[in-house]
Every structure is written in structure tokens, then in C-alpha cells.
$ cat entry06.cif   # mmCIF, C-alpha atoms
data_entry
loop_
_atom_site.label_atom_id
_atom_site.label_comp_id
_atom_site.auth_asym_id
_atom_site.auth_seq_id
_atom_site.Cartn_x
_atom_site.Cartn_y
_atom_site.Cartn_z
CA MET P 1 103.53 75.34 112.77
CA LEU P 2 99.98 75.38 111.41
CA ASP P 3 100.90 78.17 109.00
CA LYS P 4 103.83 76.14 107.69
CA ILE P 5 101.65 73.05 107.24
CA ALA P 6 98.99 75.05 105.37
CA GLU P 7 101.64 76.70 103.19
CA TRP P 8 103.15 73.30 102.38
CA ILE P 9 99.77 71.71 101.55
CA TRP P 10 98.64 74.63 99.37
CA GLY P 11 102.03 74.95 97.71
CA PRO P 12 102.84 74.56 94.01
CA GLY P 13 102.43 70.79 94.22
CA LEU P 14 98.72 70.76 95.06
CA LEU P 15 97.96 73.60 92.64
CA ALA P 16 99.80 71.72 89.87
CA LEU P 17 97.86 68.54 90.74
CA LEU P 18 94.51 70.35 90.67
CA LEU P 19 95.12 72.22 87.45
CA GLY P 20 96.99 69.35 85.80
CA THR P 21 94.09 67.00 86.52
CA GLY P 22 91.65 69.59 85.15
CA PHE P 23 93.72 69.99 81.99
CA TRP P 24 94.06 66.23 81.44
CA LEU P 25 90.32 65.67 81.90
CA SER P 26 89.62 68.58 79.55
CA VAL P 27 91.79 66.93 76.90
CA ARG P 28 90.05 63.58 77.42
CA ASN P 29 86.66 65.29 77.05
CA ARG P 30 87.80 67.34 74.03
CA PHE P 31 87.43 70.65 75.95
CA PHE P 32 83.68 70.26 76.18
CA GLN P 33 83.46 73.29 78.51
CA LEU P 34 84.55 75.47 75.59
CA TRP P 35 82.19 74.34 72.82
CA GLY P 36 79.34 72.55 74.66
CA TRP P 37 77.46 75.54 76.08
CA ARG P 38 74.41 74.99 73.91
CA ARG P 39 73.91 71.54 75.40
CA ILE P 40 74.83 72.73 78.90
CA LEU P 41 72.22 75.50 78.95
CA SER P 42 69.52 73.46 77.22
CA ARG P 43 69.84 70.58 79.68
CA THR P 44 70.12 72.73 82.81
CA PHE P 45 68.05 75.91 82.79
CA GLY P 46 66.22 74.85 79.65
CA GLY P 47 65.07 71.61 81.27
CA LEU P 48 63.74 73.05 84.54
CA ARG P 49 60.15 73.15 83.26
CA LYS P 50 60.33 69.56 82.06
CA HIS P 51 61.83 68.25 85.30
CA LYS P 52 59.26 66.54 87.51
CA SER P 53 60.43 66.72 91.08
CA SER P 54 60.03 63.86 93.50
CA VAL P 55 61.25 66.00 96.37
CA GLY P 56 60.60 64.74 99.89
CA LYS P 57 61.82 65.54 103.36
CA GLN P 58 65.32 64.25 102.64
CA THR P 59 65.90 65.60 99.12
CA LEU P 60 66.21 68.89 97.26
CA THR P 61 64.75 69.75 93.88
CA GLN P 62 67.12 70.24 90.96
CA PHE P 63 67.04 74.05 91.21
CA GLN P 64 67.40 73.93 95.01
CA THR P 65 70.45 71.71 94.62
CA PHE P 66 71.94 74.14 92.12
CA SER P 67 71.29 77.08 94.48
CA ALA P 68 72.80 75.25 97.48
CA ALA P 69 75.93 74.24 95.54
CA LEU P 70 76.30 77.80 94.26
CA ALA P 71 75.88 79.11 97.82
CA ALA P 72 78.64 76.81 99.11
CA ALA P 73 81.09 78.21 96.54
CA MET P 74 79.91 81.81 96.07
CA GLY P 75 80.64 83.81 99.21
CA THR P 76 82.81 86.54 100.63
CA GLY P 77 85.70 85.42 98.41
CA ASN P 78 83.79 86.65 95.37
CA ILE P 79 83.69 90.19 96.76
CA VAL P 80 86.34 91.11 99.33
CA GLY P 81 88.48 88.14 98.25
CA VAL P 82 88.79 89.54 94.72
CA ALA P 83 89.81 92.95 96.08
CA ALA P 84 92.51 91.27 98.17
CA ALA P 85 93.70 89.22 95.16
CA LEU P 86 94.03 92.38 93.06
CA TRP P 87 96.12 94.01 95.78
CA ILE P 88 98.46 91.01 96.13
CA GLY P 89 98.77 89.82 92.54
CA GLY P 90 97.74 92.88 90.54
CA PRO P 91 95.26 92.94 87.63
CA GLY P 92 97.07 90.02 85.96
CA ALA P 93 95.76 87.68 88.65
CA ILE P 94 92.32 87.89 87.02
CA PHE P 95 93.56 86.17 83.85
CA TRP P 96 94.95 83.21 85.79
CA MET P 97 91.75 83.09 87.82
CA TRP P 98 89.93 82.58 84.50
CA VAL P 99 92.32 79.76 83.60
CA SER P 100 91.70 77.97 86.91
CA ALA P 101 87.92 78.34 86.44
CA PHE P 102 88.08 77.00 82.88
CA LEU P 103 89.91 73.86 84.01
CA GLY P 104 87.86 73.66 87.21
CA MET P 105 84.67 73.33 85.19
CA MET P 106 85.81 69.96 83.93
CA LEU P 107 87.00 68.90 87.38
CA THR P 108 83.65 69.54 88.98
CA TYR P 109 81.85 67.92 86.02
CA CYS P 110 83.79 64.69 86.59
CA GLU P 111 83.21 64.84 90.37
CA ASN P 112 79.46 64.94 89.91
CA VAL P 113 79.35 62.34 87.15
CA LEU P 114 81.34 59.89 89.28
CA GLY P 115 79.31 60.74 92.38
CA MET P 116 76.08 59.79 90.59
CA ARG P 117 77.65 56.90 88.67
CA TYR P 118 78.71 55.14 91.89
CA ALA P 119 75.90 56.32 94.19
CA GLY P 120 74.42 53.56 96.29
CA THR P 121 73.05 52.70 99.71
CA ARG P 122 74.21 50.76 102.73
CA VAL P 123 72.26 47.77 104.00
CA ASP P 124 70.62 50.03 106.60
CA GLY P 125 69.33 52.32 103.84
CA THR P 126 71.83 55.14 104.39
CA PRO P 127 72.67 56.63 100.97
CA ILE P 128 76.28 56.99 99.82
CA GLY P 129 76.89 59.91 97.48
CA GLY P 130 79.47 62.46 96.44
CA PRO P 131 83.20 61.64 96.62
CA MET P 132 82.52 58.97 99.27
CA ALA P 133 80.54 57.03 96.64
CA TYR P 134 83.34 56.73 94.10
CA LEU P 135 86.03 56.25 96.75
CA HIS P 136 83.98 53.51 98.45
CA ASN P 137 82.14 51.86 95.55
CA GLY P 138 84.41 52.79 92.66
CA LEU P 139 87.87 52.34 94.14
CA GLY P 140 86.70 49.86 96.75
CA CYS P 141 88.62 51.80 99.41
CA PRO P 142 86.39 52.72 102.38
CA ALA P 143 89.43 54.02 104.28
CA LEU P 144 89.89 56.86 101.77
CA ALA P 145 86.17 57.63 101.95
CA VAL P 146 86.37 57.83 105.76
CA LEU P 147 89.40 60.14 105.59
CA TYR P 148 87.65 62.37 103.09
CA SER P 149 84.55 62.53 105.29
CA ILE P 150 86.60 63.54 108.34
CA PHE P 151 88.38 66.30 106.39
CA CYS P 152 85.03 67.47 105.02
CA ILE P 153 83.45 67.75 108.47
CA CYS P 154 86.46 69.72 109.74
CA ALA P 155 86.22 72.06 106.73
CA SER P 156 82.47 72.50 107.23
CA PHE P 157 82.98 73.75 110.78
CA GLY P 158 85.97 75.86 109.76
CA MET P 159 85.88 77.45 106.30
CA GLY P 160 82.17 76.77 105.85
CA ASN P 161 81.05 77.93 109.29
CA MET P 162 83.04 79.89 111.88
CA THR P 163 85.15 81.82 109.38
CA GLN P 164 81.99 82.92 107.57
CA SER P 165 80.19 83.99 110.75
CA SER P 166 83.34 85.80 111.91
CA THR P 167 83.42 87.74 108.63
CA MET P 168 79.75 88.64 109.06
CA ALA P 169 80.36 89.91 112.61
CA HIS P 170 83.31 92.09 111.59
CA LEU P 171 81.44 93.54 108.61
CA MET P 172 78.35 94.41 110.65
CA GLN P 173 80.44 95.88 113.46
CA ASP P 174 82.53 98.08 111.16
CA ALA P 175 79.69 99.28 108.92
CA CYS P 176 76.64 99.27 111.20
CA ALA P 177 78.13 99.27 114.73
CA VAL P 178 76.32 96.00 115.54
CA PRO P 179 78.07 94.17 118.42
CA PRO P 180 79.41 90.69 117.49
CA VAL P 181 77.31 89.11 120.27
CA ILE P 182 74.10 90.39 118.67
CA THR P 183 75.23 89.13 115.26
CA GLY P 184 76.04 85.75 116.81
CA ILE P 185 72.59 85.40 118.38
CA LEU P 186 70.82 86.39 115.16
CA VAL P 187 72.91 84.03 113.03
CA THR P 188 72.33 81.10 115.41
CA VAL P 189 68.57 81.65 115.60
CA LEU P 190 68.07 82.20 111.85
CA LEU P 191 70.34 79.31 110.89
CA GLY P 192 68.63 77.00 113.37
CA GLY P 193 65.19 77.96 112.04
CA ILE P 194 66.30 76.96 108.54
CA LEU P 195 68.51 73.92 109.10
CA LEU P 196 66.49 72.16 111.79
CA ARG P 197 63.55 71.90 109.37
CA GLY P 198 65.64 69.54 107.25
CA ALA P 199 66.13 69.57 103.47
CA ARG P 200 62.71 71.09 102.89
CA GLY P 201 63.58 74.14 105.03
CA VAL P 202 67.00 74.55 103.39
CA GLY P 203 65.57 74.26 99.88
CA GLY P 204 62.72 76.68 100.51
CA VAL P 205 65.11 79.45 101.62
CA ILE P 206 68.11 78.89 99.39
CA GLN P 207 66.16 78.64 96.13
CA TRP P 208 65.04 82.26 96.33
CA LEU P 209 67.69 83.90 98.53
CA MET P 210 70.78 82.85 96.58
CA PRO P 211 69.59 83.70 93.02
CA LEU P 212 68.10 87.01 94.19
CA LEU P 213 71.23 87.99 96.11
CA ALA P 214 73.53 87.04 93.21
CA ALA P 215 71.36 88.97 90.74
CA VAL P 216 71.33 92.13 92.90
CA TYR P 217 75.09 92.05 93.34
CA MET P 218 75.91 91.31 89.70
CA LEU P 219 73.57 94.05 88.44
CA SER P 220 75.17 96.52 90.86
CA ALA P 221 78.66 95.58 89.66
CA ALA P 222 77.53 95.85 86.04
CA ALA P 223 76.16 99.35 86.77
CA VAL P 224 79.57 100.42 88.12
CA ILE P 225 81.30 99.05 85.02
CA LEU P 226 78.79 100.76 82.73
CA GLN P 227 79.35 104.10 84.44
CA ASN P 228 83.11 103.74 83.97
CA ARG P 229 83.03 102.03 80.56
CA HIS P 230 85.56 104.51 79.17
CA ALA P 231 88.20 102.77 81.35
CA LEU P 232 87.47 99.25 80.03
CA PRO P 233 90.13 99.19 77.24
CA ALA P 234 92.85 100.29 79.67
CA VAL P 235 91.71 97.74 82.27
CA CYS P 236 91.83 94.89 79.72
CA CYS P 237 95.37 95.91 78.77
CA ARG P 238 96.41 95.95 82.41
CA ILE P 239 94.98 92.45 82.96
CA PHE P 240 96.78 90.84 80.01
CA GLN P 241 100.01 92.73 80.59
CA GLY P 242 100.02 91.82 84.26
CA ALA P 243 99.18 88.19 83.54
CA PHE P 244 102.50 87.71 81.75
CA GLY P 245 104.56 90.15 83.79
CA VAL P 246 104.77 92.78 81.06
CA ARG P 247 105.74 96.21 82.36
CA ALA P 248 103.63 98.87 80.70
CA ALA P 249 106.28 101.55 81.18
CA CYS P 250 109.20 99.95 79.35
CA GLY P 251 107.70 96.83 77.76
CA GLY P 252 110.03 94.49 79.68
CA ILE P 253 109.14 91.28 81.50
CA SER P 254 109.08 91.14 85.29
CA GLY P 255 109.47 87.63 86.67
CA THR P 256 108.33 88.67 90.14
CA ALA P 257 105.14 90.27 88.79
CA LEU P 258 104.45 87.18 86.69
CA GLN P 259 104.92 84.87 89.68
CA LEU P 260 102.64 86.96 91.92
CA ALA P 261 99.91 87.25 89.28
CA LEU P 262 100.00 83.55 88.38
CA GLY P 263 100.14 82.24 91.96
CA THR P 264 97.49 84.61 93.31
CA GLY P 265 95.11 84.11 90.39
CA LEU P 266 95.29 80.32 90.38
CA ARG P 267 95.00 80.03 94.15
CA HIS P 268 92.08 82.46 94.33
CA GLY P 269 90.30 80.66 91.50
CA VAL P 270 90.56 77.34 93.35
CA PHE P 271 89.38 78.89 96.63
CA SER P 272 86.51 80.64 94.86
CA ASN P 273 84.89 77.78 92.95
CA GLU P 274 86.22 74.87 95.09
CA ALA P 275 86.60 72.68 92.00
CA GLY P 276 88.62 69.60 92.90
CA LEU P 277 87.53 69.59 96.55
CA GLY P 278 84.33 67.60 95.92
CA SER P 279 81.97 70.04 97.66
CA SER P 280 79.72 70.38 94.60
CA ALA P 281 79.30 66.60 94.35
CA LEU P 282 78.39 66.49 98.05
CA VAL P 283 75.54 68.97 97.60
CA HIS P 284 74.24 67.32 94.42
CA ALA P 285 74.20 63.97 96.23
CA GLY P 286 71.29 65.33 98.29
CA GLY P 287 69.19 66.17 95.22
CA ASP P 288 66.29 64.26 93.71
CA SER P 289 67.91 63.60 90.33
CA ARG P 290 69.95 60.49 89.53
CA ASP P 291 71.19 61.63 86.10
CA PRO P 292 75.03 61.75 86.15
CA GLU P 293 75.44 63.94 83.08
CA LEU P 294 72.80 66.42 84.22
CA GLN P 295 74.47 66.87 87.62
CA GLY P 296 77.81 67.37 85.89
CA LEU P 297 76.37 70.03 83.58
CA TRP P 298 74.74 71.89 86.47
CA SER P 299 78.07 71.94 88.32
CA MET P 300 79.79 73.47 85.28
CA THR P 301 77.30 76.35 85.27
CA GLU P 302 77.99 76.87 88.99
CA VAL P 303 81.73 77.31 88.41
CA ALA P 304 81.08 79.61 85.46
CA LEU P 305 78.69 81.82 87.44
CA ASP P 306 80.90 81.83 90.51
CA THR P 307 84.26 82.70 88.97
CA LEU P 308 83.89 83.61 85.30
CA VAL P 309 80.90 85.90 85.97
CA CYS P 310 80.75 87.04 89.60
CA CYS P 311 84.49 87.35 90.33
CA THR P 312 85.09 88.96 86.92
CA LEU P 313 82.37 91.55 87.51
CA THR P 314 83.89 92.38 90.90
CA ALA P 315 87.37 92.74 89.41
CA PHE P 316 86.23 94.95 86.52
CA ALA P 317 84.14 97.09 88.87
CA VAL P 318 87.12 97.65 91.18
CA LEU P 319 89.57 98.36 88.35
CA THR P 320 87.33 100.63 86.25
CA SER P 321 86.29 102.68 89.29
CA GLY P 322 89.92 103.18 90.33
CA ALA P 323 89.23 101.81 93.82
CA ASP P 324 92.24 99.48 93.50
CA ARG P 325 94.44 102.51 94.28
CA ILE P 326 93.24 102.27 97.89
CA SER P 327 95.39 100.11 100.16
CA GLY P 328 94.29 96.49 99.82
CA GLU P 329 95.00 95.84 103.49
CA ASN P 330 91.33 96.71 104.01
CA PRO P 331 89.44 94.97 101.15
CA GLY P 332 86.09 96.02 102.64
CA MET P 333 87.04 99.69 102.16
CA VAL P 334 88.02 98.98 98.54
CA ILE P 335 84.62 97.39 97.86
CA ALA P 336 82.75 100.22 99.58
CA GLU P 337 84.60 102.79 97.45
CA THR P 338 83.94 100.75 94.29
CA PHE P 339 80.16 100.90 94.72
CA ARG P 340 79.99 104.46 96.00
CA THR P 341 78.82 105.72 92.59
CA VAL P 342 75.82 103.35 92.79
CA PHE P 343 74.86 103.50 96.48
CA GLY P 344 76.37 106.86 97.44
CA GLY P 345 77.15 107.44 101.11
CA ALA P 346 75.28 104.27 102.06
CA SER P 347 77.76 102.12 100.11
CA PRO P 348 79.68 100.78 103.18
CA VAL P 349 76.45 99.66 104.87
CA VAL P 350 74.83 98.21 101.73
CA MET P 351 77.93 96.26 100.72
CA ALA P 352 78.45 95.01 104.27
CA VAL P 353 74.87 93.65 104.30
CA ILE P 354 75.21 92.06 100.84
CA THR P 355 78.54 90.43 101.76
CA ALA P 356 77.10 89.21 105.08
CA LEU P 357 74.15 87.63 103.25
CA PHE P 358 76.57 85.88 100.89
CA ALA P 359 78.39 84.52 103.95
CA PHE P 360 75.05 83.34 105.41
CA CYS P 361 74.25 81.48 102.17
CA THR P 362 77.68 79.86 102.34
CA LEU P 363 76.83 78.63 105.84
CA ILE P 364 73.71 76.91 104.50
CA GLY P 365 75.52 75.43 101.50
CA TRP P 366 78.38 74.02 103.56
CA CYS P 367 75.96 72.48 106.05
CA CYS P 368 74.61 70.43 103.11
CA CYS P 369 78.18 69.30 102.39
CA GLY P 370 78.88 68.33 105.98
CA GLU P 371 75.61 66.42 106.27
CA GLN P 372 76.65 64.02 103.51
CA ALA P 373 79.92 63.27 105.31
CA VAL P 374 78.17 62.78 108.67
CA ALA P 375 75.57 60.51 107.07
CA TYR P 376 78.34 58.37 105.57
CA LEU P 377 80.21 58.04 108.88
CA CYS P 378 77.35 57.85 111.38
CA GLY P 379 74.09 57.38 109.46
CA ARG P 380 71.20 59.80 109.09
CA LYS P 381 70.15 59.47 112.74
CA ARG P 382 73.03 61.77 113.74
CA LEU P 383 72.17 64.56 111.30
CA SER P 384 70.05 66.47 113.83
CA VAL P 385 72.99 66.49 116.27
CA TYR P 386 75.29 67.80 113.53
CA ARG P 387 72.84 70.56 112.59
CA VAL P 388 72.56 71.74 116.21
CA CYS P 389 76.36 71.78 116.59
CA PHE P 390 76.69 73.60 113.26
CA CYS P 391 74.29 76.37 114.39
CA LEU P 392 76.03 76.77 117.74
CA ALA P 393 79.47 76.89 116.10
CA ALA P 394 78.29 79.71 113.82
CA GLY P 395 77.29 81.75 116.85
CA VAL P 396 80.57 81.05 118.64
CA GLY P 397 82.54 82.04 115.55
CA THR P 398 81.27 85.62 115.71
CA VAL P 399 83.01 86.33 119.03
CA LEU P 400 86.25 84.34 118.68
CA SER P 401 89.63 85.24 117.27
CA LEU P 402 89.85 82.82 114.39
CA GLN P 403 93.41 83.01 113.09
CA ALA P 404 94.08 79.37 114.01
CA VAL P 405 90.64 78.32 112.71
CA TRP P 406 91.37 79.94 109.34
CA THR P 407 94.65 78.02 109.11
CA ILE P 408 93.11 74.70 110.14
CA SER P 409 90.34 75.30 107.59
CA ASP P 410 92.92 75.81 104.84
CA ILE P 411 94.58 72.54 105.85
CA ALA P 412 91.28 70.62 105.88
CA ASN P 413 90.27 72.02 102.48
CA GLY P 414 93.61 71.05 100.97
CA LEU P 415 93.43 67.55 102.44
CA MET P 416 89.94 67.11 100.94
CA ALA P 417 91.45 67.53 97.49
CA VAL P 418 94.02 64.72 97.79
CA PRO P 419 91.74 61.63 98.05
CA ASN P 420 89.19 63.30 95.78
CA LEU P 421 91.69 63.85 92.94
CA LEU P 422 93.08 60.35 93.43
CA GLY P 423 89.62 58.88 92.95
CA ILE P 424 88.92 61.01 89.87
CA LEU P 425 92.23 60.09 88.19
CA LEU P 426 91.86 56.36 88.83
CA LEU P 427 88.23 56.33 87.64
CA GLN P 428 88.59 58.83 84.81
CA LYS P 429 87.35 56.37 82.18
CA ASP P 430 83.90 56.52 83.81
CA CYS P 431 83.59 60.31 83.46
CA ILE P 432 84.59 60.65 79.81
CA ARG P 433 81.69 61.99 77.81
CA LYS P 434 80.12 59.54 75.38
CA LYS P 435 78.30 60.47 72.21
CA GLU P 436 75.04 59.10 73.59
CA PRO P 437 73.96 59.73 77.20
CA VAL P 438 73.27 56.78 79.49
CA SER P 439 69.64 55.67 79.33
CA ALA P 440 67.33 55.85 82.34
CA GLU P 441 67.12 52.04 82.54
CA ASN P 442 70.91 51.69 82.59
CA ARG P 443 71.14 54.29 85.37
CA LYS P 444 68.70 52.20 87.43
CA CYS P 445 70.83 49.10 86.84
CA ILE P 446 73.97 50.96 87.93
CA PHE P 447 72.24 52.20 91.09
CA ARG P 448 71.04 48.69 91.99
CA LYS P 449 74.56 47.34 91.41
CA ASN P 450 76.02 49.80 93.91
CA ARG P 451 73.70 48.82 96.74
CA LEU P 452 75.93 47.28 99.41
#
$ encode --input "entry06.cif" --output "C-alpha cells"
Amino acid sequence: MLDKIAEWIWGPGLLALLLGTGFWLSVRNRFFQLWGWRRILSRTFGGLRKHKSSVGKQTLTQFQTFSAALAAAMGTGNIVGVAAALWIGGPGAIFWMWVSAFLGMMLTYCENVLGMRYAGTRVDGTPIGGPMAYLHNGLGCPALAVLYSIFCICASFGMGNMTQSSTMAHLMQDACAVPPVITGILVTVLLGGILLRGARGVGGVIQWLMPLLAAVYMLSAAAVILQNRHALPAVCCRIFQGAFGVRAACGGISGTALQLALGTGLRHGVFSNEAGLGSSALVHAGGDSRDPELQGLWSMTEVALDTLVCCTLTAFAVLTSGADRISGENPGMVIAETFRTVFGGASPVVMAVITALFAFCTLIGWCCCGEQAVAYLCGRKRLSVYRVCFCLAAGVGTVLSLQAVWTISDIANGLMAVPNLLGILLLQKDCIRKKEPVSAENRKCIFRKNRL
């Protein structure tokens, strides 16, 4: 029954709603994600030196927020998930993954702009940010904000927690013969040592671990591609032929191949960057910056790095190395074979450790998402209880069979998108880019107005 519910929620209807909303917002913003990269890079990475942080115990710096949001999206799906997508949908799935990322950049931009535009506080001082802010303050519908928060908490314990720790346990058991119980204890202790220190502990770890891990992986994938660069022209042909169902042998069109490539690519793109689910806006709500446009631009770079860069490097590394000829029923074996030319016989162990570290970063990133939902429902006094439960759930996830948890997580993620997209569509006029950015004084006025 759960499988049928998840299949119905993540059917063509939700995908069409996600991508259709992304396309409509892209039209309204004149496809800014295509031509606005000079402004995006100058205001994000180019402005890090100019940014004066006011970080305290309850906030993250701008770069820490970026790293945490990237960690929530960039995980095992960028590595073993891409190998599985290639097996199911063929090389053509990569093209449609690019399409979903291109439209998702505008979705996540609007989420963050609205989240900052309608950010406010309750009378008890509890801040309201992320999708809850524009559902509560913008639409004036607290019921939708409560529903979204409940779905978010469920997703944080499922897709953002136990499924990640379960993946870590299986990887370490298969590659390093580490028992799942040992992995569970280590994950619980390490996660508790980071999360129970609050935002300062999370920011101090994630700001160096996530960029370093992403850089090591991307450089390794680039090395594989460079070694097999003679196969790049053929791989590009396979991607574009497969994207439109073109059969290389006879030049005909295969409707089944087209359907598999399109469906797999779009679905994997959404799962990879989480655009439309509101998770990026949740993480940025815990940052120290109140600039709506800046948060939106940072979120666009996150989607680009997650899908257009990391997933693309994985796909090209797998295809150029020829590892896609291995049965995709074991994506971990495909990835290990892909990087064998770089790491030699140690490839299975090295890639298992790298993938496990990605999963650990996802745990930290999703805890930041869940905290915002818990703070909205229960206030900040309950955050310590949530963090303890989150750490314990990660340990439990390493030793449980999680088929039902995976399915429930899919359902919760899909349900997060429904109220979030409704809020974005109804408030779209407030996330259309203007020629001149909002001044600092106007942002202060907006923030004061949204105090409840």
C-alpha cells in the first residue's frame, strides 16, 4: 500500500507541477539562471570577503549556510544514485537531469527569496523562516505551514536520517567488513558531538568538511574523465541520442527508451537537488543574512554544483570508463570499477568511505532543516530534544531493515512539495527579479512588518 501511495504521489502529476512551476518562474524572471551568472558569482563567492558576520549561538555564517544547504542536497544520490539512474534510464537520463536542474535553479531561488521576504518572529521571539514564513505570513494560512512542518520532520527522520545511516552501514560492511552496530555507535557519537553544540558546532564542521569532500570527489571524477577523454565524443552522442529515444543502430525512435530516459532523468534531478521541496530555504533561514536576493543566488549555486557539476562528473566518469556495462543492480560496484584507474585495488574502500562521508554531511544538513520545522511547531526550547532523537535515530537506522522507511520518506518528501509549490505560485509576484535590489532599510521595514 505504501509503495502504491509513493508511486501515486511521485507520478507524472507532481513532476509536471514541479517542472511546470520552474519553467513558469523562469519565464517570469527572463531565464535569469541562463544569463545572470556574472551577478550570481560576484554576489556569492565574490562577496564573501565583504560580508561581515554577526554569527552567534543560534545562527550560521553565510558560507556555513551555503555548506549546510549543499550538504542536505549533495549525498549518496550524487554518486551511487547516478549509477542507478544510468542503469534504469540509460545515458539519455543525464540530459533530462540537466533540464530539471536548470528549472530547479529558479524554483529554489524563489523559495529563498520568499522565505526571507516574509521572515518574521512570533510574540515569544521564536523566528519563522523558510516555507513556513511565506505560508504563514504571506498566504496567511498557518494550517498549511503546520502541515509542511510535520511533513518536513517526517522527511528529516526518514530520507535525511535513517536512510542515510543505513546506506553508510551497508557501504562500510561490504567494503571494510565493519559491523553495522559499530557504524551505528560511531555515527551516533560523532553526530551527537556536532549537533548538541548547536549552530556553532554544526557550522564549524560543515564549513570545512563539505567543501573539502566535494572537491576531492570532483577532482577524482575529473581525473577519470581525463584518462578516458578519447571516449568523450561517443559519450556525448549517447547522451543526446538516448535523451530523445534515438537508436544508434538504425536511427529510429524508441518511445520506450524516450520514456525511461525522460522519467528517470527528471525524477533523479528532483531527488538530487531537492528544488521545490523547500529544504534549501529551511537551511538558509538559520543563517545570519537577511538579504532575500543574496540567499536566492546562493541557492542557485547549490543546485548548479549539486546536479550540473557533481552528478554530471559522476555520469561522465561512469560512461567514459565503461563501468556502465556492469549490472546496475549493484551501483556501488559500478562506482568502485569507475574509479579503479585512480585508486587501484583500494577503489572499493576509498569510494565507500567518500560516499559514507557524503551521507554523514547529509545527516547534518537535514538536521538543520528539521530544526526549523520543530522551532515553528514547538519553539526553540524543544530543539535539544529533537537533536537527541535525531542522533539516536541515526544509530538505529544502521541496524534496521528500512524498506518501509524509504517508502515513507518518499511520501513525506513528495508531500512537502505540495504546500510549498502552492505558496510559491500564489506569491510569485514577490519573487520576480526587479532591476534594482531592495535596499537594506526596506528589508528592515519588511522584517518589522512580519513580526506577529
$ residues_around --input "entry06.cif" --residues "Pro180 of chain P" --least-positions-apart "2" --cutoff "12 Å" --atoms "only C-alpha atoms" --output "list in words"
Ser165, Ser166, Thr167, Met168, Ala169, His170, Leu171, Met172, Gln173, Asp174, Cys176, Ala177, Val178, Ile182, Thr183, Gly184, Ile185, Leu186, Val187, Ala394, Gly395, Val396, Gly397, Thr398, Val399, Leu400 and Ser401 of chain P
$ write_last_selection --input "entry06.cif" --atoms "C-alpha atoms" --output "mmCIF file, keeping the file's coordinate frame"
data_model
loop_
_atom_site.group_PDB
_atom_site.id
_atom_site.type_symbol
_atom_site.label_atom_id
_atom_site.label_comp_id
_atom_site.auth_asym_id
_atom_site.auth_seq_id
_atom_site.Cartn_x
_atom_site.Cartn_y
_atom_site.Cartn_z
ATOM 1 C CA SER P 165 80.190 83.990 110.750
ATOM 2 C CA SER P 166 83.340 85.800 111.910
ATOM 3 C CA THR P 167 83.420 87.740 108.630
ATOM 4 C CA MET P 168 79.750 88.640 109.060
ATOM 5 C CA ALA P 169 80.360 89.910 112.610
ATOM 6 C CA HIS P 170 83.310 92.090 111.590
ATOM 7 C CA LEU P 171 81.440 93.540 108.610
ATOM 8 C CA MET P 172 78.350 94.410 110.650
ATOM 9 C CA GLN P 173 80.440 95.880 113.460
ATOM 10 C CA ASP P 174 82.530 98.080 111.160
ATOM 11 C CA CYS P 176 76.640 99.270 111.200
ATOM 12 C CA ALA P 177 78.130 99.270 114.730
ATOM 13 C CA VAL P 178 76.320 96.000 115.540
ATOM 14 C CA ILE P 182 74.100 90.390 118.670
ATOM 15 C CA THR P 183 75.230 89.130 115.260
ATOM 16 C CA GLY P 184 76.040 85.750 116.810
ATOM 17 C CA ILE P 185 72.590 85.400 118.380
ATOM 18 C CA LEU P 186 70.820 86.390 115.160
ATOM 19 C CA VAL P 187 72.910 84.030 113.030
ATOM 20 C CA ALA P 394 78.290 79.710 113.820
ATOM 21 C CA GLY P 395 77.290 81.750 116.850
ATOM 22 C CA VAL P 396 80.570 81.050 118.640
ATOM 23 C CA GLY P 397 82.540 82.040 115.550
ATOM 24 C CA THR P 398 81.270 85.620 115.710
ATOM 25 C CA VAL P 399 83.010 86.330 119.030
ATOM 26 C CA LEU P 400 86.250 84.340 118.680
ATOM 27 C CA SER P 401 89.630 85.240 117.270
#
$ residues_near_point --input "entry06.cif" --point "(82.1, 54.9, 95.4)" --cutoff "12 Å" --atoms "only C-alpha atoms" --output "VMD selection string"
chain P and resid 111 to 122 127 to 146 376 420 423 to 424 426 to 427 430 446 to 447 449 to 452
$ residues_around --input "entry06.cif" --residues "Ala373 of chain P" --least-positions-apart "6" --cutoff "7 Å" --atoms "only C-alpha atoms" --output "VMD selection string"
chain P and resid 149 152 to 153
$ atom_distance --input "entry06.cif" --atom1 "atom CA of Trp406 of chain P" --atom2 "atom CA of Pro12 of chain P"
19.9 Å
$ closest_residue --input "entry06.cif" --among "P:Asn161, P:Thr61, P:Thr407, P:Thr301" --to "Arg38 of chain P" --atoms "only C-alpha atoms"
P:Thr301
$ residues_around --input "entry06.cif" --residues "Leu226 of chain P" --least-positions-apart "6" --cutoff "10 Å" --atoms "all atoms listed in the file" --output "VMD selection string"
chain P and resid 220 232 317 320
$ closest_residue --input "entry06.cif" --among "P:Trp37, P:Tyr109, P:Phe31, P:Phe23" --to "Ala275 of chain P" --atoms "all atoms listed in the file"
P:Tyr109
$ atom_distance --input "entry06.cif" --atom1 "atom CA of Val374 of chain P" --atom2 "atom CA of Ala393 of chain P"
16.0 Å
$ axis_aligned_box --input "entry06.cif" --around "segment 103-106 of chain P" --padding-each-side "5 Å" --output "JSON"
{"center_x": 87.3, "center_y": 71.9, "center_z": 85.6, "size_x": 15.2, "size_y": 13.9, "size_z": 13.3}
